[in-house]
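Dumped start_39.pdb below, it's PDB, C-alpha atoms and all ligand atoms:
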```
MODEL        1
ATOM      1  CA  MET A   1      98.510 134.031  78.862  1.00  0.00           C
ATOM      2  CA  THR A   2     101.310 135.519  80.944  1.00  0.00           C
ATOM      3  CA  THR A   3     100.569 137.181  84.282  1.00  0.00           C
ATOM      4  CA  ILE A   4     103.070 139.379  86.136  1.00  0.00           C
ATOM      5  CA  VAL A   5     102.845 139.745  89.930  1.00  0.00           C
ATOM      6  CA  ARG A   6     104.531 142.503  91.931  1.00  0.00           C
ATOM      7  CA  ALA A   7     106.705 140.306  94.128  1.00  0.00           C
ATOM      8  CA  LYS A   8     110.005 140.257  95.988  1.00  0.00           C
ATOM      9  CA  PRO A   9     112.788 140.301  94.972  1.00  0.00           C
ATOM     10  CA  ALA A  10     111.435 140.963  91.442  1.00  0.00           C
ATOM     11  CA  PRO A  11     108.235 140.519  89.422  1.00  0.00           C
ATOM     12  CA  PHE A  12     106.986 136.898  89.241  1.00  0.00           C
ATOM     13  CA  THR A  13     105.766 135.870  85.797  1.00  0.00           C
ATOM     14  CA  PHE A  14     103.597 132.815  85.178  1.00  0.00           C
ATOM     15  CA  ASP A  15     101.173 131.220  82.758  1.00  0.00           C
ATOM     16  CA  ALA A  16      97.974 129.827  84.348  1.00  0.00           C
ATOM     17  CA  ARG A  17      98.142 126.751  82.109  1.00  0.00           C
ATOM     18  CA  HIS A  18     101.446 125.716  83.696  1.00  0.00           C
ATOM     19  CA  THR A  19     100.750 126.824  87.269  1.00  0.00           C
ATOM     20  CA  ALA A  20      99.592 124.949  90.346  1.00  0.00           C
ATOM     21  CA  LEU A  21      98.495 126.216  93.731  1.00  0.00           C
ATOM     22  CA  VAL A  22     100.058 124.021  96.442  1.00  0.00           C
ATOM     23  CA  ILE A  23      98.286 124.326  99.792  1.00  0.00           C
ATOM     24  CA  ILE A  24     100.387 122.731 102.482  1.00  0.00           C
ATOM     25  CA  ASP A  25      98.835 120.847 105.411  1.00  0.00           C
ATOM     26  CA  MET A  26      95.742 122.957 106.212  1.00  0.00           C
ATOM     27  CA  GLN A  27      94.661 120.059 108.426  1.00  0.00           C
ATOM     28  CA  ARG A  28      92.549 119.927 111.565  1.00  0.00           C
ATOM     29  CA  ASP A  29      95.567 118.465 113.429  1.00  0.00           C
ATOM     30  CA  PHE A  30      97.476 121.727 112.997  1.00  0.00           C
ATOM     31  CA  ILE A  31      94.720 124.323 112.921  1.00  0.00           C
ATOM     32  CA  GLU A  32      91.952 123.265 115.301  1.00  0.00           C
ATOM     33  CA  PRO A  33      92.037 122.982 119.098  1.00  0.00           C
ATOM     34  CA  GLY A  34      92.587 119.370 120.225  1.00  0.00           C
ATOM     35  CA  GLY A  35      95.027 118.444 117.470  1.00  0.00           C
ATOM     36  CA  PHE A  36      98.743 117.746 117.195  1.00  0.00           C
ATOM     37  CA  GLY A  37      99.705 121.431 117.090  1.00  0.00           C
ATOM     38  CA  GLU A  38      97.901 122.305 120.303  1.00  0.00           C
ATOM     39  CA  ALA A  39      99.163 119.131 122.015  1.00  0.00           C
ATOM     40  CA  LEU A  40     102.704 120.357 121.313  1.00  0.00           C
ATOM     41  CA  GLY A  41     101.882 123.478 123.322  1.00  0.00           C
ATOM     42  CA  ASN A  42     101.121 125.852 120.460  1.00  0.00           C
ATOM     43  CA  ASP A  43      98.469 128.574 120.118  1.00  0.00           C
ATOM     44  CA  VAL A  44      96.498 127.350 117.098  1.00  0.00           C
ATOM     45  CA  SER A  45      94.736 130.695 116.634  1.00  0.00           C
ATOM     46  CA  LEU A  46      97.991 131.908 115.064  1.00  0.00           C
ATOM     47  CA  LEU A  47      97.296 129.471 112.225  1.00  0.00           C
ATOM     48  CA  SER A  48      93.519 129.657 111.979  1.00  0.00           C
ATOM     49  CA  GLY A  49      93.813 133.408 111.337  1.00  0.00           C
ATOM     50  CA  ILE A  50      94.979 132.793 107.752  1.00  0.00           C
ATOM     51  CA  VAL A  51      92.054 130.533 106.770  1.00  0.00           C
ATOM     52  CA  PRO A  52      89.980 133.313 105.111  1.00  0.00           C
ATOM     53  CA  THR A  53      93.023 134.428 103.074  1.00  0.00           C
ATOM     54  CA  VAL A  54      93.825 130.877 101.961  1.00  0.00           C
ATOM     55  CA  ALA A  55      90.153 130.461 101.016  1.00  0.00           C
ATOM     56  CA  ARG A  56      90.328 133.608  98.826  1.00  0.00           C
ATOM     57  CA  LEU A  57      93.517 132.331  97.202  1.00  0.00           C
ATOM     58  CA  LEU A  58      91.927 128.931  96.570  1.00  0.00           C
ATOM     59  CA  ALA A  59      88.835 130.554  95.025  1.00  0.00           C
ATOM     60  CA  HIS A  60      91.101 132.614  92.762  1.00  0.00           C
ATOM     61  CA  ALA A  61      93.113 129.559  91.659  1.00  0.00           C
ATOM     62  CA  ARG A  62      89.936 127.631  90.901  1.00  0.00           C
ATOM     63  CA  SER A  63      88.412 130.448  88.878  1.00  0.00           C
ATOM     64  CA  ALA A  64      91.692 131.020  86.994  1.00  0.00           C
ATOM     65  CA  GLY A  65      91.855 127.323  86.068  1.00  0.00           C
ATOM     66  CA  TRP A  66      95.089 126.454  87.875  1.00  0.00           C
ATOM     67  CA  GLN A  67      95.765 122.916  88.999  1.00  0.00           C
ATOM     68  CA  VAL A  68      95.138 122.753  92.736  1.00  0.00           C
ATOM     69  CA  VAL A  69      97.189 120.531  95.056  1.00  0.00           C
ATOM     70  CA  HIS A  70      96.422 119.944  98.737  1.00  0.00           C
ATOM     71  CA  THR A  71      98.900 118.144 100.972  1.00  0.00           C
ATOM     72  CA  ARG A  72      98.370 116.328 104.254  1.00  0.00           C
ATOM     73  CA  GLU A  73     101.165 115.375 106.623  1.00  0.00           C
ATOM     74  CA  SER A  74     100.096 111.839 107.455  1.00  0.00           C
ATOM     75  CA  HIS A  75     101.271 108.333 108.236  1.00  0.00           C
ATOM     76  CA  ALA A  76     100.010 104.802 107.710  1.00  0.00           C
ATOM     77  CA  PRO A  77      98.156 103.381 110.750  1.00  0.00           C
ATOM     78  CA  ASP A  78     100.997 100.893 111.352  1.00  0.00           C
ATOM     79  CA  LEU A  79     103.533 103.773 111.197  1.00  0.00           C
ATOM     80  CA  SER A  80     105.606 101.828 108.670  1.00  0.00           C
ATOM     81  CA  ASP A  81     106.292 105.093 106.814  1.00  0.00           C
ATOM     82  CA  CYS A  82     107.416 106.989 109.915  1.00  0.00           C
ATOM     83  CA  PRO A  83     111.137 106.795 110.598  1.00  0.00           C
ATOM     84  CA  PRO A  84     112.065 106.183 114.263  1.00  0.00           C
ATOM     85  CA  ALA A  85     113.780 109.569 114.408  1.00  0.00           C
ATOM     86  CA  LYS A  86     110.492 111.324 113.552  1.00  0.00           C
ATOM     87  CA  LEU A  87     108.465 109.122 115.881  1.00  0.00           C
ATOM     88  CA  LEU A  88     110.631 110.040 118.840  1.00  0.00           C
ATOM     89  CA  ARG A  89     110.194 113.803 118.356  1.00  0.00           C
ATOM     90  CA  GLY A  90     107.450 115.895 119.889  1.00  0.00           C
ATOM     91  CA  THR A  91     106.527 115.912 123.550  1.00  0.00           C
ATOM     92  CA  PRO A  92     105.672 112.900 125.752  1.00  0.00           C
ATOM     93  CA  ASN A  93     101.961 113.798 125.575  1.00  0.00           C
ATOM     94  CA  ALA A  94     101.921 114.225 121.774  1.00  0.00           C
ATOM     95  CA  ARG A  95     103.631 111.623 119.671  1.00  0.00           C
ATOM     96  CA  ILE A  96     102.643 110.595 116.169  1.00  0.00           C
ATOM     97  CA  GLY A  97     100.157 107.728 116.403  1.00  0.00           C
ATOM     98  CA  ASP A  98      98.972 108.559 119.947  1.00  0.00           C
ATOM     99  CA  GLU A  99      95.236 108.814 120.616  1.00  0.00           C
ATOM    100  CA  GLY A 100      94.039 112.411 120.828  1.00  0.00           C
ATOM    101  CA  PRO A 101      90.708 114.233 120.935  1.00  0.00           C
ATOM    102  CA  MET A 102      90.494 114.051 117.099  1.00  0.00           C
ATOM    103  CA  GLY A 103      91.720 110.459 116.755  1.00  0.00           C
ATOM    104  CA  ARG A 104      95.263 109.163 116.356  1.00  0.00           C
ATOM    105  CA  ILE A 105      97.696 112.025 115.755  1.00  0.00           C
ATOM    106  CA  LEU A 106      98.799 112.472 112.110  1.00  0.00           C
ATOM    107  CA  ILE A 107      97.359 109.105 111.059  1.00  0.00           C
ATOM    108  CA  ARG A 108      95.739 108.851 107.629  1.00  0.00           C
ATOM    109  CA  GLY A 109      91.963 108.608 107.782  1.00  0.00           C
ATOM    110  CA  GLU A 110      91.617 109.909 111.344  1.00  0.00           C
ATOM    111  CA  PRO A 111      89.322 112.953 111.830  1.00  0.00           C
ATOM    112  CA  GLY A 112      92.202 115.220 112.850  1.00  0.00           C
ATOM    113  CA  ASN A 113      94.155 114.377 109.720  1.00  0.00           C
ATOM    114  CA  ALA A 114      91.512 115.819 107.396  1.00  0.00           C
ATOM    115  CA  ILE A 115      91.837 119.137 105.625  1.00  0.00           C
ATOM    116  CA  ILE A 116      89.657 121.724 107.372  1.00  0.00           C
ATOM    117  CA  ASP A 117      86.103 121.936 106.059  1.00  0.00           C
ATOM    118  CA  SER A 118      86.318 125.426 104.586  1.00  0.00           C
ATOM    119  CA  LEU A 119      89.218 124.391 102.291  1.00  0.00           C
ATOM    120  CA  ARG A 120      87.852 120.940 101.371  1.00  0.00           C
ATOM    121  CA  PRO A 121      89.353 119.623  98.093  1.00  0.00           C
ATOM    122  CA  LEU A 122      87.082 119.356  95.054  1.00  0.00           C
ATOM    123  CA  ASP A 123      87.031 116.554  92.478  1.00  0.00           C
ATOM    124  CA  GLY A 124      89.956 116.936  90.101  1.00  0.00           C
ATOM    125  CA  GLU A 125      92.212 118.492  92.705  1.00  0.00           C
ATOM    126  CA  LEU A 126      95.240 116.511  93.833  1.00  0.00           C
ATOM    127  CA  VAL A 127      95.485 115.417  97.462  1.00  0.00           C
ATOM    128  CA  ILE A 128      98.996 114.321  98.369  1.00  0.00           C
ATOM    129  CA  ASP A 129      99.618 112.398 101.588  1.00  0.00           C
ATOM    130  CA  LYS A 130     103.177 113.020 102.654  1.00  0.00           C
ATOM    131  CA  PRO A 131     105.077 111.236 105.404  1.00  0.00           C
ATOM    132  CA  GLY A 132     107.775 113.898 105.525  1.00  0.00           C
ATOM    133  CA  LYS A 133     107.833 117.638 105.935  1.00  0.00           C
ATOM    134  CA  GLY A 134     108.501 118.148 102.212  1.00  0.00           C
ATOM    135  CA  ALA A 135     105.732 117.500  99.668  1.00  0.00           C
ATOM    136  CA  PHE A 136     108.042 115.738  97.190  1.00  0.00           C
ATOM    137  CA  TYR A 137     109.695 113.260  99.577  1.00  0.00           C
ATOM    138  CA  ALA A 138     108.163 109.750  99.232  1.00  0.00           C
ATOM    139  CA  THR A 139     105.129 111.037  97.280  1.00  0.00           C
ATOM    140  CA  ARG A 140     103.962 111.028  93.656  1.00  0.00           C
ATOM    141  CA  LEU A 141     103.808 114.852  93.496  1.00  0.00           C
ATOM    142  CA  GLY A 142     106.707 115.248  91.065  1.00  0.00           C
ATOM    143  CA  GLU A 143     105.180 112.771  88.590  1.00  0.00           C
ATOM    144  CA  GLU A 144     101.702 114.312  88.891  1.00  0.00           C
ATOM    145  CA  LEU A 145     103.037 117.808  88.151  1.00  0.00           C
ATOM    146  CA  ALA A 146     105.178 116.575  85.251  1.00  0.00           C
ATOM    147  CA  MET A 147     102.148 114.804  83.693  1.00  0.00           C
ATOM    148  CA  ARG A 148     100.296 118.136  83.747  1.00  0.00           C
ATOM    149  CA  ASP A 149     103.219 120.176  82.396  1.00  0.00           C
ATOM    150  CA  ILE A 150     103.332 122.339  85.525  1.00  0.00           C
ATOM    151  CA  THR A 151     106.387 124.603  85.811  1.00  0.00           C
ATOM    152  CA  HIS A 152     105.248 127.259  88.315  1.00  0.00           C
ATOM    153  CA  LEU A 153     104.053 126.683  91.887  1.00  0.00           C
ATOM    154  CA  VAL A 154     102.238 129.119  94.169  1.00  0.00           C
ATOM    155  CA  PHE A 155     102.528 128.089  97.817  1.00  0.00           C
ATOM    156  CA  ALA A 156     100.337 128.642 100.878  1.00  0.00           C
ATOM    157  CA  GLY A 157      99.670 126.811 104.120  1.00  0.00           C
ATOM    158  CA  VAL A 158     101.293 125.825 107.385  1.00  0.00           C
ATOM    159  CA  THR A 159     103.708 125.959 108.982  1.00  0.00           C
ATOM    160  CA  THR A 160     105.842 128.451 107.114  1.00  0.00           C
ATOM    161  CA  GLU A 161     109.237 127.400 108.407  1.00  0.00           C
ATOM    162  CA  VAL A 162     108.588 123.653 108.484  1.00  0.00           C
ATOM    163  CA  CYS A 163     106.447 122.010 105.790  1.00  0.00           C
ATOM    164  CA  VAL A 164     105.960 125.069 103.570  1.00  0.00           C
ATOM    165  CA  GLN A 165     109.621 126.000 103.484  1.00  0.00           C
ATOM    166  CA  THR A 166     110.802 122.385 103.083  1.00  0.00           C
ATOM    167  CA  SER A 167     108.397 121.830 100.172  1.00  0.00           C
ATOM    168  CA  MET A 168     109.369 125.087  98.502  1.00  0.00           C
ATOM    169  CA  ARG A 169     113.074 124.248  98.783  1.00  0.00           C
ATOM    170  CA  GLU A 170     112.435 120.786  97.320  1.00  0.00           C
ATOM    171  CA  ALA A 171     110.497 122.382  94.453  1.00  0.00           C
ATOM    172  CA  ASN A 172     113.191 124.981  93.819  1.00  0.00           C
ATOM    173  CA  ASP A 173     115.841 122.245  93.604  1.00  0.00           C
ATOM    174  CA  ARG A 174     113.646 120.436  91.072  1.00  0.00           C
ATOM    175  CA  GLY A 175     113.522 123.489  88.826  1.00  0.00           C
ATOM    176  CA  TYR A 176     110.066 124.898  89.616  1.00  0.00           C
ATOM    177  CA  GLU A 177     109.559 128.669  89.791  1.00  0.00           C
ATOM    178  CA  CYS A 178     107.975 129.211  93.213  1.00  0.00           C
ATOM    179  CA  LEU A 179     105.946 132.046  94.723  1.00  0.00           C
ATOM    180  CA  LEU A 180     104.928 132.080  98.403  1.00  0.00           C
ATOM    181  CA  ILE A 181     101.813 134.082  99.279  1.00  0.00           C
ATOM    182  CA  GLU A 182     102.952 135.889 102.416  1.00  0.00           C
ATOM    183  CA  ASP A 183      99.584 136.362 104.141  1.00  0.00           C
ATOM    184  CA  ALA A 184      98.401 132.839 103.251  1.00  0.00           C
ATOM    185  CA  THR A 185     101.055 131.146 105.368  1.00  0.00           C
ATOM    186  CA  ALA A 186     101.518 131.068 109.141  1.00  0.00           C
ATOM    187  CA  SER A 187     103.632 129.703 111.942  1.00  0.00           C
ATOM    188  CA  TYR A 188     103.055 129.059 115.632  1.00  0.00           C
ATOM    189  CA  ILE A 189     106.181 131.201 116.030  1.00  0.00           C
ATOM    190  CA  PRO A 190     105.549 134.431 114.078  1.00  0.00           C
ATOM    191  CA  ALA A 191     109.240 135.406 113.994  1.00  0.00           C
ATOM    192  CA  PHE A 192     109.974 132.161 112.124  1.00  0.00           C
ATOM    193  CA  ARG A 193     107.386 133.082 109.466  1.00  0.00           C
ATOM    194  CA  GLU A 194     109.010 136.483 108.976  1.00  0.00           C
ATOM    195  CA  ALA A 195     112.485 134.954 108.814  1.00  0.00           C
ATOM    196  CA  THR A 196     111.390 132.325 106.285  1.00  0.00           C
ATOM    197  CA  ILE A 197     109.834 134.912 103.981  1.00  0.00           C
ATOM    198  CA  ALA A 198     113.014 136.983 104.152  1.00  0.00           C
ATOM    199  CA  MET A 199     115.186 133.915 103.457  1.00  0.00           C
ATOM    200  CA  ILE A 200     113.171 132.862 100.417  1.00  0.00           C
ATOM    201  CA  HIS A 201     113.501 136.112  98.507  1.00  0.00           C
ATOM    202  CA  SER A 202     116.992 136.998  99.756  1.00  0.00           C
ATOM    203  CA  GLN A 203     120.102 136.843  97.556  1.00  0.00           C
ATOM    204  CA  GLY A 204     118.149 137.518  94.373  1.00  0.00           C
ATOM    205  CA  GLY A 205     115.408 134.976  95.142  1.00  0.00           C
ATOM    206  CA  ILE A 206     117.566 132.095  96.246  1.00  0.00           C
ATOM    207  CA  ILE A 207     114.494 129.917  96.898  1.00  0.00           C
ATOM    208  CA  GLY A 208     111.887 131.917  94.957  1.00  0.00           C
ATOM    209  CA  TRP A 209     109.541 134.868  95.218  1.00  0.00           C
ATOM    210  CA  THR A 210     107.100 136.162  97.844  1.00  0.00           C
ATOM    211  CA  ALA A 211     104.101 138.494  97.534  1.00  0.00           C
ATOM    212  CA  PRO A 212     100.917 139.354  99.424  1.00  0.00           C
ATOM    213  CA  LEU A 213      97.644 137.939  98.100  1.00  0.00           C
ATOM    214  CA  ASP A 214      96.458 141.366  96.927  1.00  0.00           C
ATOM    215  CA  ALA A 215      99.458 141.611  94.587  1.00  0.00           C
ATOM    216  CA  LEU A 216      98.432 138.321  92.988  1.00  0.00           C
ATOM    217  CA  LEU A 217      94.766 139.357  92.722  1.00  0.00           C
ATOM    218  CA  GLU A 218      95.713 142.701  91.127  1.00  0.00           C
ATOM    219  CA  ALA A 219      98.147 141.107  88.666  1.00  0.00           C
ATOM    220  CA  HIS A 220      97.480 140.990  84.964  1.00  0.00           C
TER     221      HIS A 220
HETATM  222  C1  LIG A 301     104.859 120.535 111.348  1.00  0.00           C
HETATM  223  C2  LIG A 301     103.931 121.202 109.233  1.00  0.00           C
HETATM  224  N1  LIG A 301     105.101 121.792 111.725  1.00  0.00           N
HETATM  225  N2  LIG A 301     102.896 120.962 108.435  1.00  0.00           N
HETATM  226  N3  LIG A 301     104.223 120.271 110.192  1.00  0.00           N
HETATM  227  O1  LIG A 301     105.206 119.609 112.049  1.00  0.00           O
HETATM  228  O2  LIG A 301     104.590 122.220 109.134  1.00  0.00           O
ENDMDL
END
```

As C-alpha cells - that is how I would like this structure written.
Ligand code: C5J
Amino acid sequence: MTTIVRAKPAPFTFDARHTALVIIDMQRDFIEPGGFGEALGNDVSLLSGIVPTVARLLAHARSAGWQVVHTRESHAPDLSDCPPAKLLRGTPNARIGDEGPMGRILIRGEPGNAIIDSLRPLDGELVIDKPGKGAFYATRLGEELAMRDITHLVFAGVTTEVCVQTSMREANDRGYECLLIEDATASYIPAFREATIAMIHSQGGIIGWTAPLDALLEAH
C-alpha cells in the first residue's frame, strides 16, 4: 500500500513493504554524559532531547511492519578498522580507543558503544556496526537492504550533519529514496542541524526529503 507524506520539497511516497527505518548511532557514547560526545566538549542534552521522538518513530515503524535498522559507530578493539587519519582526530583527552567512564571510546562491545536502553533493538532488526561516518562504507548494509527489496529509507538519529547526513548521501547515491525526520535528528551544534535539513531538500530534493514526525504519523 502506498503512503504519501507531506514533506519538503514535495510529497514523499512510499510502500511499507519496501521501506526501512534507519536509526543512526543512538549510542550511549554520543547521548549520555561520560561518553565520547561529552569528552569532545559537547552538551549532550542537545541530543538526548530527541529520544522520545525517535522512540515514537521506532514504535510507528515496528507497528507498520517496516524493516528496522540501527547503526553503531564502532571499531574493533585492536583499531585495525580505524584509519590513522580518524584516530588522530578529536581532542587530546578523547581519542578513539581511550579509556573513558563508559569503557573504551567507540570500541565495539564496550558499555558506551551500546544503543541507549530506550531504543534497544529487537530480534529481527538489523544492527550495523560501522567504522566510518556513513552507514554503507565497509558494512553489509547495502546487501542486507537489497536482500529485503528495500527501496525507501526513513532516517533518524545523530548527529545530523555528520553520520546522518553522510549516510543519507551514500544512500541517495545508491538510488534509495530518502526521508529525514526533522525532529528525530539532532546535532551538538543546532545551526548545523538546520543547515543540513535545508541542504537535503534544496534544489528539488538534491539529497532527498524532510518532514516532521507528525507529518509521517498523519500520512495515509
Ligand atoms: C560523530 C556521529 N559526530 N554519529 N558521529 O562523530 O555523527

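Once only C-alpha atoms and all ligand atoms are used for the distance check, the residues close to ligand LIG 301 (chain A) at 8 Å turn out to be Ile24, Asp25, Met26, Phe30, Gly37, Arg72, Glu73, Lys133, Gly157, Val158, Thr159, Thr160, Glu161, Val162, Cys163 and Val164 of chain A.
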
Shell around A:Ile150 at 10 Å using all atoms listed in the file, local window under 5 positions removed, as a list of chain:residue names =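 These residues fall inside the cut-off: A:Asp15, A:Ala16, A:Arg17, A:His18, A:Thr19, A:Ala20, A:Trp66, A:Gln67, A:Gly142, A:Glu144, A:Leu145, A:Tyr176, A:Glu177.
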
Closest contacts (stretch 76-170 of chain A/stretch 58-65 of chain A, max 12 Å, all atoms listed in the file) as JSON lines:
```
{"residue": "A:Ser118", "atom": "CA", "partner": "A:Leu58", "partner_atom": "CA", "distance": 10.4}
{"residue": "A:Leu119", "atom": "CA", "partner": "A:Leu58", "partner_atom": "CA", "distance": 7.8}
{"residue": "A:Arg120", "atom": "CA", "partner": "A:Leu58", "partner_atom": "CA", "distance": 10.2}
{"residue": "A:Pro121", "atom": "CA", "partner": "A:Leu58", "partner_atom": "CA", "distance": 9.8}
{"residue": "A:Leu122", "atom": "CA", "partner": "A:Arg62", "partner_atom": "CA", "distance": 9.7}
{"residue": "A:Asp123", "atom": "CA", "partner": "A:Arg62", "partner_atom": "CA", "distance": 11.6}
{"residue": "A:Gly124", "atom": "CA", "partner": "A:Arg62", "partner_atom": "CA", "distance": 10.7}
{"residue": "A:Glu125", "atom": "CA", "partner": "A:Arg62", "partner_atom": "CA", "distance": 9.6}
{"residue": "A:Leu153", "atom": "CA", "partner": "A:Ala61", "partner_atom": "CA", "distance": 11.3}
{"residue": "A:Val154", "atom": "CA", "partner": "A:Ala61", "partner_atom": "CA", "distance": 9.5}
{"residue": "A:Phe155", "atom": "CA", "partner": "A:Leu58", "partner_atom": "CA", "distance": 10.7}
{"residue": "A:Ala156", "atom": "CA", "partner": "A:Leu58", "partner_atom": "CA", "distance": 9.5}
{"residue": "A:Gly157", "atom": "CA", "partner": "A:Leu58", "partner_atom": "CA", "distance": 11.0}
```

Select, from A:Val54, A:Phe12, A:Met1, A:Ala76, the residue with the minimum atom-to-atom distance to A:His201, counting all atoms listed in the file.
->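 With all atoms listed in the file as the atom set, the closest residue is A:Phe12.
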
Might you pull out every residue within 9 Å of A:Ile4, with all atoms listed in the file counted and same-chain residues fewer than 5 positions away left off, and present them as a PyMOL selection string?
-> chain A and resi 11-14+216+219-220

Write the residues of the preceding selection, restricted to C-alpha atoms, as an mmCIF file, keeping the file's coordinate frame.
```cif
data_model
loop_
_atom_site.group_PDB
_atom_site.id
_atom_site.type_symbol
_atom_site.label_atom_id
_atom_site.label_comp_id
_atom_site.auth_asym_id
_atom_site.auth_seq_id
_atom_site.Cartn_x
_atom_site.Cartn_y
_atom_site.Cartn_z
ATOM 1 C CA PRO A 11 108.235 140.519 89.422
ATOM 2 C CA PHE A 12 106.986 136.898 89.241
ATOM 3 C CA THR A 13 105.766 135.870 85.797
ATOM 4 C CA PHE A 14 103.597 132.815 85.178
ATOM 5 C CA LEU A 216 98.432 138.321 92.988
ATOM 6 C CA ALA A 219 98.147 141.107 88.666
ATOM 7 C CA HIS A 220 97.480 140.990 84.964
#
```

Residues at most 12 Å from A:Leu79, counting all atoms listed in the file, excluding those fewer than 2 positions away in the same chain, as a PyMOL selection string?
-> chain A and resi 74-77+81-84+86-87+95-98+104-108+131

Taking into account all atoms listed in the file, which residue in the set A:Ile116, A:Pro101, A:Gly204, A:Asn93 is nearest to A:Arg28?
->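 Of the candidates, the smallest distance to A:Arg28 is held by A:Ile116.
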
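You will find atom CA of A:Tyr188 at 23.4 Å from atom CA of A:Ala171.
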
d(atom CA of A:Leu180, atom CA of A:Gly208) in Å =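 It comes out at 7.8 Å.
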
Which of A:Ile200, A:Ala94, A:Leu21, A:Ala184 sits closest to A:Pro52 [using only C-alpha atoms] | A:Ala184

Pick out the residues sitting within 6 Å of A:Asn113, and hand them over as a list of chain:residue names; count only C-alpha atoms, and ignore anything fewer than 2 positions along from it in its own chain.
-> A:Gln27, A:Asp29, A:Leu106, A:Glu110, A:Pro111

Find the distance between atom CA of A:Thr210 and atom CA of A:Met147 and write it in Å to one decimal.
->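 According to the coordinates, atom CA of A:Thr210 and atom CA of A:Met147 are separated by 26.1 Å.
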
Counting all atoms listed in the file, the residue of A:Thr196, A:Ile207, A:Gly100, A:Ser187 that sits nearest A:Gly175 |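 Ranked by minimum distance to A:Gly175, first place goes to A:Ile207.
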
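Closest approach to A:Ala55 among A:Leu141, A:Ala186, A:Leu213, A:Val127: A:Leu213, based on only C-alpha atoms.
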